[in-house]
$ cat entry.cif   # mmCIF, C-alpha atoms
data_model
loop_
_atom_site.group_PDB
_atom_site.id
_atom_site.type_symbol
_atom_site.label_atom_id
_atom_site.label_comp_id
_atom_site.auth_asym_id
_atom_site.auth_seq_id
_atom_site.Cartn_x
_atom_site.Cartn_y
_atom_site.Cartn_z
ATOM 1 C CA SER A 1 0.000 0.000 0.000
ATOM 2 C CA GLY A 2 3.031 2.269 0.217
ATOM 3 C CA GLU A 3 2.440 2.815 3.937
ATOM 4 C CA VAL A 4 5.428 2.103 6.183
ATOM 5 C CA LYS A 5 4.800 0.885 9.701
ATOM 6 C CA THR A 6 7.303 0.170 12.471
ATOM 7 C CA ILE A 7 6.201 -2.687 14.643
ATOM 8 C CA ARG A 8 7.885 -2.988 18.037
ATOM 9 C CA GLU A 9 7.281 -5.990 20.258
ATOM 10 C CA VAL A 10 8.239 -5.530 23.893
ATOM 11 C CA VAL A 11 8.794 -8.586 26.058
ATOM 12 C CA THR A 12 8.266 -7.708 29.702
ATOM 13 C CA GLN A 13 8.424 -11.156 31.259
ATOM 14 C CA PHE A 14 10.710 -13.944 30.155
ATOM 15 C CA ASN A 15 12.546 -16.908 31.514
ATOM 16 C CA THR A 16 15.473 -18.838 30.110
ATOM 17 C CA ASN A 17 17.653 -21.647 31.370
ATOM 18 C CA VAL A 18 20.294 -19.066 32.269
ATOM 19 C CA THR A 19 17.999 -16.887 34.364
ATOM 20 C CA GLN A 20 16.721 -19.929 36.252
ATOM 21 C CA VAL A 21 20.257 -21.221 36.856
ATOM 22 C CA VAL A 22 21.286 -17.810 38.193
ATOM 23 C CA LYS A 23 18.197 -17.630 40.407
ATOM 24 C CA ASP A 24 18.972 -21.056 41.850
ATOM 25 C CA SER A 25 22.704 -20.381 42.259
ATOM 26 C CA VAL A 26 23.209 -16.810 43.438
ATOM 27 C CA GLY A 27 22.278 -17.712 47.028
ATOM 28 C CA LYS A 28 25.105 -20.247 47.085
ATOM 29 C CA VAL A 29 27.732 -17.554 46.471
ATOM 30 C CA VAL A 30 29.260 -15.375 49.191
ATOM 31 C CA GLY A 31 31.520 -12.378 49.496
ATOM 32 C CA VAL A 32 34.733 -12.872 51.491
ATOM 33 C CA SER A 33 36.421 -9.984 53.308
ATOM 34 C CA ASN A 34 40.037 -10.082 54.478
ATOM 35 C CA TYR A 35 40.833 -7.873 57.472
ATOM 36 C CA TYR A 36 44.351 -7.202 58.655
ATOM 37 C CA ARG A 37 44.568 -5.551 62.078
ATOM 38 C CA ASP A 38 40.928 -4.437 61.844
ATOM 39 C CA ALA A 39 41.425 -2.744 58.468
ATOM 40 C CA LEU A 40 39.816 -4.140 55.337
ATOM 41 C CA ALA A 41 42.721 -5.428 53.226
ATOM 42 C CA SER A 42 40.872 -7.049 50.325
ATOM 43 C CA THR A 43 37.669 -8.744 49.223
ATOM 44 C CA GLY A 44 36.922 -11.813 47.161
ATOM 45 C CA SER A 45 34.259 -14.406 46.593
ATOM 46 C CA GLY A 46 33.453 -17.903 47.760
ATOM 47 C CA ALA A 47 31.281 -20.896 46.913
ATOM 48 C CA ILE A 48 29.179 -22.752 49.489
ATOM 49 C CA TYR A 49 30.570 -26.270 49.454
ATOM 50 C CA LEU A 50 28.791 -28.007 52.317
ATOM 51 C CA ASN A 51 26.185 -27.416 55.020
ATOM 52 C CA GLU A 52 26.372 -29.700 58.051
ATOM 53 C CA ASN A 53 23.456 -28.709 60.281
ATOM 54 C CA GLY A 54 24.287 -25.007 60.219
ATOM 55 C CA SER A 55 28.049 -25.399 59.912
ATOM 56 C CA VAL A 56 28.573 -23.980 56.452
ATOM 57 C CA TYR A 57 31.830 -24.647 54.606
ATOM 58 C CA VAL A 58 32.923 -22.117 51.998
ATOM 59 C CA VAL A 59 35.617 -22.649 49.354
ATOM 60 C CA THR A 60 37.691 -19.666 48.261
ATOM 61 C CA ASN A 61 41.219 -18.886 47.087
ATOM 62 C CA ASN A 62 44.180 -18.881 49.441
ATOM 63 C CA HIS A 63 45.271 -15.502 48.078
ATOM 64 C CA VAL A 64 41.889 -14.035 49.073
ATOM 65 C CA ILE A 65 42.399 -14.760 52.794
ATOM 66 C CA GLU A 66 46.210 -14.768 52.966
ATOM 67 C CA ASP A 67 47.668 -12.930 56.014
ATOM 68 C CA ALA A 68 44.179 -12.137 57.352
ATOM 69 C CA THR A 69 43.765 -11.567 61.076
ATOM 70 C CA ARG A 70 39.975 -11.688 60.661
ATOM 71 C CA ILE A 71 37.768 -13.077 57.895
ATOM 72 C CA THR A 72 34.096 -12.341 57.325
ATOM 73 C CA VAL A 73 31.612 -13.921 54.930
ATOM 74 C CA THR A 74 28.683 -11.985 53.476
ATOM 75 C CA PHE A 75 25.742 -14.092 52.329
ATOM 76 C CA ALA A 76 23.251 -13.302 49.566
ATOM 77 C CA ASN A 77 20.669 -12.289 52.193
ATOM 78 C CA GLY A 78 23.024 -9.492 53.297
ATOM 79 C CA GLU A 79 24.061 -11.077 56.586
ATOM 80 C CA THR A 80 27.770 -10.833 57.419
ATOM 81 C CA LEU A 81 29.342 -13.316 59.839
ATOM 82 C CA ASP A 82 32.832 -14.043 61.106
ATOM 83 C CA ALA A 83 34.448 -17.072 59.513
ATOM 84 C CA GLU A 84 36.913 -19.613 60.852
ATOM 85 C CA LEU A 85 39.807 -20.552 58.587
ATOM 86 C CA VAL A 86 39.729 -24.354 58.528
ATOM 87 C CA GLY A 87 42.814 -24.617 56.350
ATOM 88 C CA ALA A 88 44.576 -23.283 53.272
ATOM 89 C CA ASP A 89 46.974 -24.565 50.644
ATOM 90 C CA VAL A 90 49.386 -22.235 48.862
ATOM 91 C CA PHE A 91 50.210 -24.617 46.010
ATOM 92 C CA THR A 92 46.650 -25.086 44.764
ATOM 93 C CA ASP A 93 45.588 -21.593 45.946
ATOM 94 C CA LEU A 94 42.611 -22.992 47.824
ATOM 95 C CA ALA A 95 41.202 -22.266 51.277
ATOM 96 C CA LEU A 96 38.289 -23.604 53.318
ATOM 97 C CA LEU A 97 36.243 -21.421 55.652
ATOM 98 C CA LYS A 98 33.637 -22.431 58.221
ATOM 99 C CA VAL A 99 30.699 -20.263 59.277
ATOM 100 C CA THR A 100 27.917 -21.097 61.753
ATOM 101 C CA VAL A 101 24.521 -19.863 60.518
ATOM 102 C CA ASP A 102 20.973 -19.978 61.822
ATOM 103 C CA PHE A 103 19.262 -19.699 58.430
ATOM 104 C CA ASN A 104 18.799 -22.128 55.569
ATOM 105 C CA ILE A 105 21.677 -22.445 53.121
ATOM 106 C CA THR A 106 21.887 -24.817 50.174
ATOM 107 C CA PRO A 107 25.353 -25.781 48.915
ATOM 108 C CA PHE A 108 26.343 -26.243 45.295
ATOM 109 C CA THR A 109 26.023 -29.614 43.638
ATOM 110 C CA LEU A 110 29.464 -30.641 42.450
ATOM 111 C CA GLY A 111 29.828 -31.368 38.764
ATOM 112 C CA ASP A 112 32.465 -33.455 37.021
ATOM 113 C CA SER A 113 35.033 -31.136 35.443
ATOM 114 C CA ALA A 114 36.471 -34.068 33.459
ATOM 115 C CA LEU A 115 33.270 -34.012 31.395
ATOM 116 C CA THR A 116 33.562 -30.289 30.614
ATOM 117 C CA ASN A 117 33.798 -29.584 26.886
ATOM 118 C CA VAL A 118 35.409 -26.728 24.988
ATOM 119 C CA GLY A 119 32.617 -24.440 23.775
ATOM 120 C CA GLU A 120 30.310 -25.271 26.685
ATOM 121 C CA TYR A 121 28.506 -22.267 28.186
ATOM 122 C CA VAL A 122 29.476 -21.377 31.753
ATOM 123 C CA LEU A 123 28.665 -18.695 34.323
ATOM 124 C CA ALA A 124 30.941 -16.954 36.803
ATOM 125 C CA ILE A 125 29.305 -15.413 39.880
ATOM 126 C CA GLY A 126 31.036 -13.243 42.461
ATOM 127 C CA SER A 127 31.792 -9.804 43.847
ATOM 128 C CA PRO A 128 33.978 -7.995 41.300
ATOM 129 C CA LEU A 129 35.607 -4.813 42.624
ATOM 130 C CA GLY A 130 33.987 -5.232 46.039
ATOM 131 C CA LEU A 131 30.899 -6.381 47.905
ATOM 132 C CA GLU A 132 28.778 -3.569 46.462
ATOM 133 C CA PHE A 133 28.755 -5.594 43.243
ATOM 134 C CA SER A 134 28.070 -8.939 44.943
ATOM 135 C CA GLY A 135 26.037 -11.413 42.941
ATOM 136 C CA SER A 136 27.409 -10.169 39.624
ATOM 137 C CA VAL A 137 27.023 -12.755 36.874
ATOM 138 C CA THR A 138 29.110 -13.074 33.720
ATOM 139 C CA MET A 139 28.677 -15.606 30.959
ATOM 140 C CA GLY A 140 31.085 -17.183 28.527
ATOM 141 C CA ILE A 141 32.309 -20.480 27.204
ATOM 142 C CA ILE A 142 34.997 -22.951 28.138
ATOM 143 C CA SER A 143 37.908 -21.848 25.959
ATOM 144 C CA GLY A 144 40.215 -24.708 26.924
ATOM 145 C CA VAL A 145 40.575 -27.606 29.325
ATOM 146 C CA ASP A 146 43.614 -29.053 31.068
ATOM 147 C CA ARG A 147 45.578 -25.823 30.640
ATOM 148 C CA ILE A 148 48.850 -25.595 32.525
ATOM 149 C CA VAL A 149 49.651 -22.166 33.983
ATOM 150 C CA PRO A 150 53.038 -21.694 35.708
ATOM 151 C CA VAL A 151 52.856 -19.921 39.075
ATOM 152 C CA ASP A 152 55.575 -18.105 41.036
ATOM 153 C CA LEU A 153 54.545 -18.543 44.674
ATOM 154 C CA ASP A 154 57.336 -16.630 46.404
ATOM 155 C CA ASP A 155 57.946 -13.824 43.876
ATOM 156 C CA ASP A 156 61.553 -14.855 43.293
ATOM 157 C CA GLY A 157 61.208 -14.935 39.522
ATOM 158 C CA GLU A 158 61.192 -18.749 39.407
ATOM 159 C CA ASP A 159 58.046 -20.777 38.689
ATOM 160 C CA ASP A 160 57.273 -22.979 41.702
ATOM 161 C CA TRP A 161 54.150 -24.799 40.561
ATOM 162 C CA ASP A 162 52.058 -25.643 37.520
ATOM 163 C CA SER A 163 48.357 -25.040 38.029
ATOM 164 C CA LEU A 164 45.967 -27.248 36.080
ATOM 165 C CA VAL A 165 43.049 -25.008 35.102
ATOM 166 C CA LEU A 166 39.988 -24.521 32.926
ATOM 167 C CA GLN A 167 40.214 -21.540 30.578
ATOM 168 C CA THR A 168 37.129 -19.379 30.053
ATOM 169 C CA ASP A 169 36.230 -16.077 28.418
ATOM 170 C CA ALA A 170 33.578 -15.333 31.059
ATOM 171 C CA ALA A 171 34.649 -11.996 32.547
ATOM 172 C CA ILE A 172 36.677 -12.473 35.721
ATOM 173 C CA ASN A 173 37.626 -9.308 37.569
ATOM 174 C CA PRO A 174 39.406 -8.532 40.857
ATOM 175 C CA GLY A 175 37.008 -9.690 43.559
ATOM 176 C CA ASN A 176 35.772 -12.682 41.547
ATOM 177 C CA SER A 177 38.644 -14.751 42.934
ATOM 178 C CA GLY A 178 37.364 -17.751 44.885
ATOM 179 C CA GLY A 179 33.914 -17.620 43.359
ATOM 180 C CA PRO A 180 32.188 -20.404 41.441
ATOM 181 C CA LEU A 181 32.329 -21.288 37.776
ATOM 182 C CA ILE A 182 29.151 -23.229 37.020
ATOM 183 C CA ASN A 183 27.634 -24.994 34.027
ATOM 184 C CA LEU A 184 24.095 -24.537 32.763
ATOM 185 C CA ALA A 185 22.958 -27.406 34.966
ATOM 186 C CA GLY A 186 23.900 -25.218 37.940
ATOM 187 C CA GLU A 187 26.727 -27.556 38.918
ATOM 188 C CA LEU A 188 29.958 -26.252 40.399
ATOM 189 C CA ILE A 189 32.722 -27.161 37.945
ATOM 190 C CA GLY A 190 35.477 -24.797 39.050
ATOM 191 C CA ILE A 191 36.738 -22.073 41.378
ATOM 192 C CA THR A 192 37.745 -18.896 39.545
ATOM 193 C CA SER A 193 41.294 -18.054 40.497
ATOM 194 C CA MET A 194 43.185 -15.891 37.990
ATOM 195 C CA LYS A 195 43.196 -14.073 34.680
ATOM 196 C CA ILE A 196 45.781 -12.699 32.300
ATOM 197 C CA ALA A 197 45.656 -8.948 32.819
ATOM 198 C CA ASP A 198 47.328 -7.188 29.933
ATOM 199 C CA SER A 199 46.254 -4.401 27.603
ATOM 200 C CA SER A 200 46.770 -6.725 24.642
ATOM 201 C CA VAL A 201 44.797 -9.645 26.146
ATOM 202 C CA GLU A 202 41.045 -10.065 26.394
ATOM 203 C CA GLY A 203 38.915 -12.830 27.849
ATOM 204 C CA MET A 204 41.538 -15.155 29.300
ATOM 205 C CA GLY A 205 40.351 -16.215 32.723
ATOM 206 C CA PHE A 206 41.099 -19.425 34.587
ATOM 207 C CA ALA A 207 39.358 -21.620 37.131
ATOM 208 C CA ILE A 208 40.605 -24.544 39.194
ATOM 209 C CA PRO A 209 38.622 -27.634 38.057
ATOM 210 C CA ILE A 210 36.349 -29.038 40.746
ATOM 211 C CA ASN A 211 37.962 -32.472 40.347
ATOM 212 C CA GLU A 212 41.211 -30.824 41.506
ATOM 213 C CA VAL A 213 39.425 -28.818 44.216
ATOM 214 C CA ALA A 214 37.458 -31.582 45.947
ATOM 215 C CA PRO A 215 40.342 -33.783 47.204
ATOM 216 C CA ILE A 216 42.224 -30.720 48.483
ATOM 217 C CA ILE A 217 39.159 -29.391 50.300
ATOM 218 C CA GLU A 218 38.456 -32.783 51.857
ATOM 219 C CA GLN A 219 42.017 -32.861 53.222
ATOM 220 C CA LEU A 220 41.687 -29.324 54.565
ATOM 221 C CA LYS A 221 38.397 -30.262 56.221
ATOM 222 C CA ALA A 222 39.871 -33.406 57.795
ATOM 223 C CA ASN A 223 43.359 -32.179 58.723
ATOM 224 C CA GLY A 224 43.425 -28.390 58.403
ATOM 225 C CA LYS A 225 46.200 -28.790 55.834
ATOM 226 C CA VAL A 226 47.188 -30.843 52.817
ATOM 227 C CA ILE A 227 49.479 -33.714 53.776
ATOM 228 C CA ARG A 228 52.044 -34.266 51.046
ATOM 229 C CA PRO A 229 55.027 -36.589 50.670
ATOM 230 C CA LEU A 230 58.462 -35.159 51.419
ATOM 231 C CA LEU A 231 61.619 -35.816 49.425
ATOM 232 C CA GLY A 232 63.812 -33.305 51.246
ATOM 233 C CA ILE A 233 65.750 -31.499 48.538
ATOM 234 C CA THR A 234 65.985 -28.140 46.830
ATOM 235 C CA GLY A 235 67.177 -27.975 43.258
ATOM 236 C CA VAL A 236 67.651 -25.970 40.083
ATOM 237 C CA SER A 237 67.238 -26.832 36.425
ATOM 238 C CA VAL A 238 70.465 -27.837 34.705
ATOM 239 C CA GLU A 239 69.387 -25.848 31.643
ATOM 240 C CA THR A 240 69.660 -22.624 33.695
ATOM 241 C CA LEU A 241 73.339 -23.268 34.520
ATOM 242 C CA THR A 242 76.121 -21.668 32.501
ATOM 243 C CA THR A 243 78.962 -23.704 31.019
ATOM 244 C CA SER A 244 81.313 -22.478 33.733
ATOM 245 C CA GLN A 245 78.827 -23.418 36.453
ATOM 246 C CA LYS A 246 78.447 -26.907 34.989
ATOM 247 C CA SER A 247 82.213 -27.261 34.923
ATOM 248 C CA TYR A 248 82.501 -26.021 38.511
ATOM 249 C CA TYR A 249 79.886 -28.491 39.792
ATOM 250 C CA GLY A 250 81.284 -31.396 37.759
ATOM 251 C CA ILE A 251 78.272 -31.698 35.440
ATOM 252 C CA GLN A 252 78.851 -32.874 31.873
ATOM 253 C CA LEU A 253 78.716 -29.852 29.600
ATOM 254 C CA ASP A 254 76.355 -31.351 27.010
ATOM 255 C CA LEU A 255 73.692 -32.178 29.612
ATOM 256 C CA ASP A 256 70.644 -29.919 29.183
ATOM 257 C CA ASN A 257 67.953 -31.772 31.119
ATOM 258 C CA GLY A 258 67.790 -32.713 34.770
ATOM 259 C CA ILE A 259 67.613 -31.147 38.227
ATOM 260 C CA MET A 260 70.797 -30.391 40.108
ATOM 261 C CA VAL A 261 70.369 -30.990 43.823
ATOM 262 C CA VAL A 262 71.348 -27.815 45.685
ATOM 263 C CA ASP A 263 70.681 -28.937 49.224
ATOM 264 C CA VAL A 264 69.548 -32.082 51.048
ATOM 265 C CA SER A 265 67.692 -31.803 54.347
ATOM 266 C CA ALA A 266 69.323 -33.764 57.169
ATOM 267 C CA GLY A 267 67.364 -36.887 58.097
ATOM 268 C CA SER A 268 65.094 -36.596 55.052
ATOM 269 C CA PRO A 269 64.188 -39.511 52.776
ATOM 270 C CA ALA A 270 66.578 -38.050 50.176
ATOM 271 C CA ALA A 271 69.441 -38.047 52.697
ATOM 272 C CA LYS A 272 68.672 -41.597 53.816
ATOM 273 C CA ALA A 273 68.641 -42.709 50.186
ATOM 274 C CA GLY A 274 72.077 -41.217 49.596
ATOM 275 C CA LEU A 275 71.248 -38.132 47.507
ATOM 276 C CA LYS A 276 73.870 -35.411 47.877
ATOM 277 C CA SER A 277 74.370 -31.816 46.814
ATOM 278 C CA HIS A 278 75.351 -31.447 43.134
ATOM 279 C CA ASP A 279 73.813 -34.800 42.212
ATOM 280 C CA VAL A 280 71.666 -34.506 39.086
ATOM 281 C CA ILE A 281 68.229 -36.126 38.885
ATOM 282 C CA VAL A 282 67.717 -36.826 35.188
ATOM 283 C CA SER A 283 64.432 -38.765 35.315
ATOM 284 C CA PHE A 284 61.537 -39.528 37.637
ATOM 285 C CA ASP A 285 59.487 -42.669 37.076
ATOM 286 C CA GLY A 286 60.727 -42.767 33.495
ATOM 287 C CA LYS A 287 59.932 -39.091 32.817
ATOM 288 C CA THR A 288 62.754 -36.733 31.827
ATOM 289 C CA MET A 289 63.158 -33.920 34.339
ATOM 290 C CA THR A 290 63.459 -30.326 33.171
ATOM 291 C CA SER A 291 62.384 -28.225 36.175
ATOM 292 C CA PHE A 292 62.137 -28.471 39.948
ATOM 293 C CA LYS A 293 58.428 -27.634 39.845
ATOM 294 C CA GLN A 294 57.953 -30.679 37.614
ATOM 295 C CA ILE A 295 59.505 -33.051 40.114
ATOM 296 C CA ARG A 296 57.563 -31.391 42.929
ATOM 297 C CA ARG A 297 54.256 -31.901 41.143
ATOM 298 C CA LEU A 298 55.075 -35.538 40.401
ATOM 299 C CA ILE A 299 56.003 -36.197 44.026
ATOM 300 C CA TYR A 300 52.885 -34.417 45.321
ATOM 301 C CA GLY A 301 50.756 -36.311 42.811
#

$ encode --input "entry.cif" --output "structure tokens"
Amino acid sequence: SGEVKTIREVVTQFNTNVTQVVKDSVGKVVGVSNYYRDALASTGSGAIYLNENGSVYVVTNNHVIEDATRITVTFANGETLDAELVGADVFTDLALLKVTVDFNITPFTLGDSALTNVGEYVLAIGSPLGLEFSGSVTMGIISGVDRIVPVDLDDDGEDDWDSLVLQTDAAINPGNSGGPLINLAGELIGITSMKIADSSVEGMGFAIPINEVAPIIEQLKANGKVIRPLLGITGVSVETLTTSQKSYYGIQLDLDNGIMVVDVSAGSPAAKAGLKSHDVIVSFDGKTMTSFKQIRRLIYG
């Protein structure tokens, strides 16, 4: 007819799988506040792991509560309570908190991170930039599984540990640390822990897979710490030694792999077995050694 009409349909009420998952999950997420000498030092997030008749266990990152003299947990209903630190583990960057509550709390259902697929939609929930933004939800996909991210735990410029993580492009900001990464079934599949923060990088966040989290948390709950085997040595990679250093320590000059033993603790299993300073460990259980963090992870595994 030559008449032009603009038709605008406005949807005022809608429901999707995502909105329902968020509705069911947001109450299982908490804000974690780290106080040092009564001053607020930092904030993070946490996931409700277990509720034993009012004793609520919360999983978060070790770096969220590190050096705290007081820890508080803020629930979705706005109530803030003091938390007891059950235990923490620096290597896996995990910590377990315990809070006694007098209201109903439902913990997350644990998923199976081994079944997580690249391209799967996931949600991250937490308190980015502080508790005023608690309950913030971001959505993305699993960008990669079984990623290995080297971590320097003591800021000495040497990598001390390899973290096994899930990679996601769901936005993870400061304050999200320790919060849950969940699938669209509402299952907890990871604990958000780090991101690559660089002006040239976008959407590279990482979460500790729940299959890695659960055994650590169970040890923290039972013992207050993670009990690991002890070898009793410190060492450096042979590949980091100069030719003159190799010559000085009596190491063959064409050797590039292996761990040179720097020190052996008195009375340790290594000492009892006859390991000595300047020995070179070239393989472990048939695997060629290239770094001290590698041998540490194998021993701890």

$ resolve_selection --input "entry.cif" --expression "the PyMOL selection byres ((chain A and resi 86) around 8)" --output "ChimeraX atom specification"
/A:84-85,87-88,95-98,220-221,224

$ resolve_selection --input "entry.cif" --expression "the PyMOL selection byres ((chain A and resi 208-217) around 6)" --output "ChimeraX atom specification"
/A:113,165,189-191,207,218-220

$ write_last_selection --input "entry.cif" --atoms "C-alpha atoms" --output "mmCIF file, keeping the file's coordinate frame"
data_model
loop_
_atom_site.group_PDB
_atom_site.id
_atom_site.type_symbol
_atom_site.label_atom_id
_atom_site.label_comp_id
_atom_site.auth_asym_id
_atom_site.auth_seq_id
_atom_site.Cartn_x
_atom_site.Cartn_y
_atom_site.Cartn_z
ATOM 1 C CA SER A 113 35.033 -31.136 35.443
ATOM 2 C CA VAL A 165 43.049 -25.008 35.102
ATOM 3 C CA ILE A 189 32.722 -27.161 37.945
ATOM 4 C CA GLY A 190 35.477 -24.797 39.050
ATOM 5 C CA ILE A 191 36.738 -22.073 41.378
ATOM 6 C CA ALA A 207 39.358 -21.620 37.131
ATOM 7 C CA GLU A 218 38.456 -32.783 51.857
ATOM 8 C CA GLN A 219 42.017 -32.861 53.222
ATOM 9 C CA LEU A 220 41.687 -29.324 54.565
#

$ atom_distance --input "entry.cif" --atom1 "CA of Asp38 (chain A)" --atom2 "CA of Ser134 (chain A)"
21.7 Å

$ closest_residue --input "entry.cif" --among "A:Val262, A:Ala270, A:Ala76, A:Ile105" --to "Gly126 (chain A)" --atoms "only C-alpha atoms"
A:Ala76

$ closest_residue --input "entry.cif" --among "A:Val236, A:Gly205, A:Glu66, A:Asn176" --to "Val29 (chain A)" --atoms "all atoms listed in the file"
A:Asn176

$ atom_distance --input "entry.cif" --atom1 "CA of Gly130 (chain A)" --atom2 "CA of Ile196 (chain A)"
19.6 Å

$ resolve_selection --input "entry.cif" --expression "the PyMOL selection byres ((chain A and resi 297) around 10)" --output "ChimeraX atom specification"
/A:91,160-163,292-296,298-301

$ write_last_selection --input "entry.cif" --atoms "C-alpha atoms" --output "PDB file, in the coordinates of the input"
ATOM      1  CA  PHE A  91      50.210 -24.617  46.010  1.00  0.00           C
ATOM      2  CA  ASP A 160      57.273 -22.979  41.702  1.00  0.00           C
ATOM      3  CA  TRP A 161      54.150 -24.799  40.561  1.00  0.00           C
ATOM      4  CA  ASP A 162      52.058 -25.643  37.520  1.00  0.00           C
ATOM      5  CA  SER A 163      48.357 -25.040  38.029  1.00  0.00           C
ATOM      6  CA  PHE A 292      62.137 -28.471  39.948  1.00  0.00           C
ATOM      7  CA  LYS A 293      58.428 -27.634  39.845  1.00  0.00           C
ATOM      8  CA  GLN A 294      57.953 -30.679  37.614  1.00  0.00           C
ATOM      9  CA  ILE A 295      59.505 -33.051  40.114  1.00  0.00           C
ATOM     10  CA  ARG A 296      57.563 -31.391  42.929  1.00  0.00           C
ATOM     11  CA  LEU A 298      55.075 -35.538  40.401  1.00  0.00           C
ATOM     12  CA  ILE A 299      56.003 -36.197  44.026  1.00  0.00           C
ATOM     13  CA  TYR A 300      52.885 -34.417  45.321  1.00  0.00           C
ATOM     14  CA  GLY A 301      50.756 -36.311  42.811  1.00  0.00           C
TER      15      GLY A 301
END

$ residues_around --input "entry.cif" --residues "Leu230 (chain A)" --least-positions-apart "2" --cutoff "8 Å" --atoms "all atoms listed in the file" --output "MDAnalysis selection string"
chainID A and resid 228 232 268:269 299

$ decode --input "entry.cif" --residues "region 51-56 of chain A" --atoms "all heavy atoms" --output "PDB file, in the first residue's frame"
ATOM      1  N   ASN A  51      26.923 -27.901  53.856  1.00  0.00           N
ATOM      2  CA  ASN A  51      26.185 -27.416  55.020  1.00  0.00           C
ATOM      3  C   ASN A  51      25.900 -28.602  55.931  1.00  0.00           C
ATOM      4  O   ASN A  51      25.120 -29.484  55.586  1.00  0.00           O
ATOM      5  CB  ASN A  51      24.882 -26.740  54.591  1.00  0.00           C
ATOM      6  CG  ASN A  51      24.123 -26.146  55.772  1.00  0.00           C
ATOM      7  OD1 ASN A  51      24.541 -26.255  56.925  1.00  0.00           O
ATOM      8  ND2 ASN A  51      23.001 -25.495  55.488  1.00  0.00           N
ATOM      9  N   GLU A  52      26.566 -28.620  57.084  1.00  0.00           N
ATOM     10  CA  GLU A  52      26.372 -29.700  58.051  1.00  0.00           C
ATOM     11  C   GLU A  52      25.636 -29.152  59.267  1.00  0.00           C
ATOM     12  O   GLU A  52      26.234 -28.696  60.226  1.00  0.00           O
ATOM     13  CB  GLU A  52      27.720 -30.294  58.467  1.00  0.00           C
ATOM     14  CG  GLU A  52      28.437 -31.037  57.341  1.00  0.00           C
ATOM     15  CD  GLU A  52      29.740 -31.672  57.798  1.00  0.00           C
ATOM     16  OE1 GLU A  52      30.287 -31.228  58.839  1.00  0.00           O
ATOM     17  OE2 GLU A  52      30.228 -32.593  57.112  1.00  0.00           O
ATOM     18  N   ASN A  53      24.306 -29.153  59.169  1.00  0.00           N
ATOM     19  CA  ASN A  53      23.456 -28.709  60.281  1.00  0.00           C
ATOM     20  C   ASN A  53      23.825 -27.318  60.784  1.00  0.00           C
ATOM     21  O   ASN A  53      23.946 -27.076  61.982  1.00  0.00           O
ATOM     22  CB  ASN A  53      23.527 -29.720  61.433  1.00  0.00           C
ATOM     23  CG  ASN A  53      23.081 -31.104  61.023  1.00  0.00           C
ATOM     24  OD1 ASN A  53      22.087 -31.253  60.324  1.00  0.00           O
ATOM     25  ND2 ASN A  53      23.831 -32.124  61.444  1.00  0.00           N
ATOM     26  N   GLY A  54      23.993 -26.385  59.840  1.00  0.00           N
ATOM     27  CA  GLY A  54      24.287 -25.007  60.219  1.00  0.00           C
ATOM     28  C   GLY A  54      25.756 -24.652  60.205  1.00  0.00           C
ATOM     29  O   GLY A  54      26.114 -23.479  60.300  1.00  0.00           O
ATOM     30  N   SER A  55      26.616 -25.654  60.104  1.00  0.00           N
ATOM     31  CA  SER A  55      28.049 -25.399  59.912  1.00  0.00           C
ATOM     32  C   SER A  55      28.304 -25.372  58.409  1.00  0.00           C
ATOM     33  O   SER A  55      28.320 -26.419  57.753  1.00  0.00           O
ATOM     34  CB  SER A  55      28.893 -26.483  60.587  1.00  0.00           C
ATOM     35  OG  SER A  55      28.753 -26.429  61.984  1.00  0.00           O
ATOM     36  N   VAL A  56      28.460 -24.168  57.891  1.00  0.00           N
ATOM     37  CA  VAL A  56      28.573 -23.980  56.452  1.00  0.00           C
ATOM     38  C   VAL A  56      30.044 -23.866  56.064  1.00  0.00           C
ATOM     39  O   VAL A  56      30.788 -23.067  56.638  1.00  0.00           O
ATOM     40  CB  VAL A  56      27.803 -22.716  56.005  1.00  0.00           C
ATOM     41  CG1 VAL A  56      28.047 -22.421  54.532  1.00  0.00           C
ATOM     42  CG2 VAL A  56      26.315 -22.898  56.271  1.00  0.00           C
TER      43      VAL A  56
END
